[in-house]
Every structure is written in C-alpha cells, then in structure tokens.
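Structure file protein.txt with compact mmCIF, C-alpha atoms:
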# COMPACT_ATOMS: atom_id res chain seq x y z
CA ASP A 682 -51.69 -176.43 29.54
CA LEU A 683 -50.03 -179.80 28.87
CA GLY A 684 -47.32 -178.31 26.65
CA ASN A 685 -47.82 -180.94 23.91
CA GLY A 686 -50.66 -182.98 22.51
CA TYR A 687 -51.33 -186.22 24.38
CA LEU A 688 -53.74 -189.07 23.75
CA ILE A 689 -55.87 -188.63 26.90
CA GLU A 690 -57.87 -191.58 28.22
CA SER A 691 -59.10 -190.28 31.61
CA ILE A 692 -58.95 -187.36 34.01
CA ALA A 693 -59.20 -187.45 37.79
CA VAL A 694 -60.51 -184.42 39.64
CA TRP A 695 -59.82 -184.17 43.36
CA ASN A 696 -62.17 -181.94 45.34
CA ARG A 697 -61.19 -180.11 48.54
CA ASN A 698 -62.37 -181.23 51.97
CA ALA A 699 -63.45 -177.72 52.91
CA TYR A 700 -65.74 -175.81 50.56
CA SER A 701 -66.48 -178.94 48.49
CA ARG A 702 -69.76 -177.37 47.26
CA ARG A 703 -67.75 -174.84 45.21
CA LEU A 704 -66.97 -177.53 42.61
CA LYS A 705 -70.64 -178.35 42.03
CA ASP A 706 -71.73 -178.75 38.38
CA PHE A 707 -68.40 -178.15 36.67
CA VAL A 708 -67.56 -178.43 32.97
CA LEU A 709 -64.37 -180.15 31.81
CA THR A 710 -63.06 -179.27 28.35
CA ILE A 711 -60.14 -180.76 26.41
CA SER A 712 -58.82 -178.68 23.55
CA ARG A 713 -56.26 -179.16 20.80
CA ASP A 714 -54.60 -176.14 19.15
CA GLY A 715 -57.33 -173.86 20.52
CA VAL A 716 -60.25 -176.01 19.33
CA ASP A 717 -62.46 -177.84 21.84
CA VAL A 718 -62.36 -181.57 21.08
CA TYR A 719 -64.15 -182.97 24.16
CA THR A 720 -66.57 -181.54 26.72
CA TYR A 721 -67.99 -183.23 29.80
CA THR A 722 -70.45 -181.77 32.32
CA TYR A 723 -70.24 -183.13 35.87
CA LEU A 724 -73.56 -182.62 37.62
CA GLY A 725 -73.58 -182.63 41.41
CA ILE A 726 -70.88 -182.25 44.03
CA PRO A 727 -67.81 -184.47 43.52
CA ALA A 728 -66.57 -186.52 46.47
CA GLY A 729 -64.26 -184.66 48.84
CA GLY A 730 -60.60 -185.07 49.79
CA GLY A 731 -58.99 -188.46 49.47
CA THR A 732 -61.32 -189.57 46.68
CA ALA A 733 -60.57 -189.19 42.99
CA ASN A 734 -63.53 -188.38 40.77
CA GLU A 735 -62.48 -190.15 37.57
CA ILE A 736 -63.82 -189.07 34.21
CA LYS A 737 -63.12 -191.91 31.79
CA LEU A 738 -63.43 -190.91 28.13
CA SER A 739 -65.43 -193.30 25.92
CA GLN A 740 -62.49 -193.20 23.50
CA PRO A 741 -59.10 -191.47 23.86
CA VAL A 742 -58.87 -187.87 22.65
CA THR A 743 -55.71 -185.98 21.64
CA GLY A 744 -55.49 -182.67 23.45
CA ASP A 745 -52.96 -180.13 24.66
CA LYS A 746 -55.10 -178.28 27.23
CA VAL A 747 -57.53 -179.36 29.94
CA LYS A 748 -59.85 -176.76 31.44
CA ILE A 749 -62.32 -176.97 34.32
CA GLN A 750 -64.94 -174.23 34.64
CA ILE A 751 -67.99 -173.43 36.69
CA PHE A 752 -70.70 -171.08 35.49
CA GLY A 753 -72.97 -168.71 37.39
CA GLU A 754 -72.76 -165.45 39.23
CA GLU A 755 -70.56 -165.13 42.29
CA ARG A 756 -69.27 -168.70 42.09
CA ILE A 757 -65.72 -169.56 43.10
CA LEU A 758 -63.83 -172.46 41.53
CA SER A 759 -62.01 -174.41 44.21
CA LEU A 760 -60.41 -177.82 43.70
CA ALA A 761 -57.44 -179.74 45.08
CA GLU A 762 -55.87 -181.42 42.05
CA VAL A 763 -56.41 -182.49 38.46
CA GLN A 764 -54.62 -185.55 37.05
CA VAL A 765 -54.52 -186.25 33.32
CA PHE A 766 -53.91 -189.86 32.27
CA ALA A 767 -52.61 -190.36 28.73
CA PHE A 768 -50.95 -193.08 26.70
CA CYS A 769 -47.15 -193.25 26.85
CA GLY A 770 -45.27 -191.98 23.83
CA SER A 771 -46.64 -188.45 23.92
CA GLU A 772 -48.40 -187.15 20.87
CA ILE A 773 -49.32 -189.29 17.87
CA THR A 774 -49.15 -188.11 14.31
CA PRO A 775 -52.49 -188.24 12.44
CA SER A 776 -51.18 -190.27 9.49
CA PRO A 777 -48.02 -192.03 8.28
CA THR A 778 -45.05 -189.75 7.75
CA SER A 779 -42.69 -189.72 4.77
CA SER A 780 -39.62 -189.68 7.01
CA PRO A 781 -38.88 -191.36 10.35
CA SER A 782 -40.28 -189.68 13.44
CA ILE A 783 -40.10 -190.39 17.16
CA LYS A 784 -43.88 -190.16 17.44
CA PRO A 785 -46.07 -193.17 16.66
CA THR A 786 -48.60 -192.88 13.86
CA ALA A 787 -52.29 -193.59 14.18
CA LEU A 788 -52.23 -195.59 10.93
CA PRO A 789 -49.65 -198.09 9.65
CA THR A 790 -47.22 -197.16 6.89
CA VAL A 791 -48.55 -198.53 3.61
CA SER A 792 -45.44 -198.27 1.42
CA PRO A 793 -42.17 -200.22 1.74
CA THR A 794 -39.41 -198.63 3.74
CA ALA A 795 -35.87 -197.98 2.46
CA SER A 796 -34.26 -199.84 5.37
CA PRO A 797 -35.11 -203.06 7.21
CA THR A 798 -37.57 -202.92 10.08
CA ALA A 799 -36.59 -203.96 13.59
CA GLY A 800 -39.19 -206.72 13.65
CA PRO A 801 -41.38 -208.61 11.23
CA THR A 802 -44.17 -206.73 9.45
CA ALA A 803 -47.79 -207.74 9.92
CA SER A 804 -48.19 -208.39 6.19
CA PRO A 805 -45.65 -208.68 3.35
CA THR A 806 -44.82 -205.59 1.32
CA ALA A 807 -44.78 -205.46 -2.48
CA LEU A 808 -41.01 -204.96 -2.62
CA PRO A 809 -38.32 -206.44 -0.39
CA THR A 810 -36.48 -204.12 1.95
CA VAL A 811 -32.72 -203.73 1.60
What's the structure tokens form of this structure?
Amino acid sequence: DLGNGYLIESIAVWNRNAYSRRLKDFVLTISRDGVDVYTYTYLGIPAGGGTANEIKLSQPVTGDKVKIQIFGEERILSLAEVQVFAFCGSEITPSPTSSPSIKPTALPTVSPTASPTAGPTASPTALPTV
C-alpha cells in the first residue's frame, strides 16, 4: 500500500539468495482505488540477491497499491525487497482543476487565471491576467 496514488514508471523486485526458486513465475499488479490498472507476469526465476529485477512499464501508470503474487498449491512467496519508482510530485489530478491545487494536472488549464502566473504561458490567453 503506497498510501497515495503515484505515477509509477518502474518497479524493482529483489529476490533472496536462499530459496530463490520460490519467486518463480510471479504476477505483479498495480491497482488504483481497488481497481487493477496494470498486470505483469514474470516467467522464470528472477536473479538472486544483489541484483534488481527491473520491470519498466511501457508508459507510467497511476496506482496506490502494488501487489506481487504467486499461484499454485503449496507455494511460498519469498522475496527480499520491492522498490517502486514514481515521478516526483506525488499524485496527478486527471484534469484541470477550478481552484489551485498542490498536485500537477495531466492536462494544461485552458481558461485564463484570475492572477498572474509565475512564468510565461506556452500560448497567449484570450484575456489578459490581472
């Protein structure tokens, strides 16, 4: 559980030195608000201690939970560490907001703002800012 939603770009799974076969054929799932948004199946036995097995997403995914599972009878999940790499700035909002927020938006604001911006805008707005 990551506590908040983060724009995840890669995940590193570290296998144990001993019992490395226990992590064979695992499934990694990223979910957001209880809904699975990304699933990856690792086939084989990941490299053992001292080597990160990096899973690089083809495009970043916003998620608040990362889960690693193995399936089958009498199997034991054993791993050393899981590292989640995400963009700085925490969670992004899905669209422009009507009031200021500390979270960046995925899309630019399309209407003029009531106060000046800190830097120049990429394109002029219809009305000048005050």
Legend entry - Counting all atoms listed in the file, the residue of A:Ser691, A:Asp706, A:Asn696, A:Gly686 that sits nearest A:Arg756: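 For A:Arg756, the nearest of the given residues is A:Asp706.
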Legend entry - One-decimal distance in Å that lies between atom CA of A:Thr743 and atom CA of A:Lys705: 26.4 Å
Inset, instruction - Determine the nearest neighbour of A:Ile726 from the options A:Glu754, A:Ser759, A:Val747, A:Gln740, counting all atoms listed in the file. - result: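 Closest to A:Ile726, using all atoms listed in the file: A:Ser759.
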Inset, instruction - Please tell me which residues are no farther than 9 Å from (-66.5, -180.1, 50.1) in the file, counting all atoms listed in the file, and write them as a PyMOL selection string. - result: chain A and resi 696-704+726-730
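Note that the spacing between atom CA of A:Asp714 and atom CA of A:Val763 amounts to 20.4 Å.
Straight-line separation from atom CA of A:Tyr719 to atom CA of A:Ala761: 22.2 Å.
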Legend entry - Pick from A:Val742, A:Thr720, A:Gln750, A:Gly684, whichever lies nearest to A:Phe707 using all atoms listed in the file: A:Gln750
Inset, instruction - Could you give me, as a list of chain:residue names, the residues within 7 Å of A:Leu688, counting only C-alpha atoms and dropping anything in the same chain fewer than 4 positions from it? - result: A:Pro741, A:Val742, A:Thr743, A:Gly744, A:Ala767, A:Phe768, A:Glu772
Legend entry - Nearby residues (all atoms listed in the file) at most 8 Å from A:Thr710, same-chain spacing under 2 positions excluded, as an MDAnalysis selection string: chainID A and resid 708 712 717:721 747:749
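Among A:Asn734, A:Thr722, A:Glu690, A:Ile711, the residue with the shortest atom-to-atom distance to A:Leu760, counting all atoms listed in the file, is A:Asn734.
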Legend entry - Nearest-residue call for A:Ile692, choices A:Gly725, A:Gly715, A:Gly753, A:Lys746, using all atoms listed in the file: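 Ranking A:Gly725, A:Gly715, A:Gly753, A:Lys746 by distance to A:Ile692, first place goes to A:Lys746.
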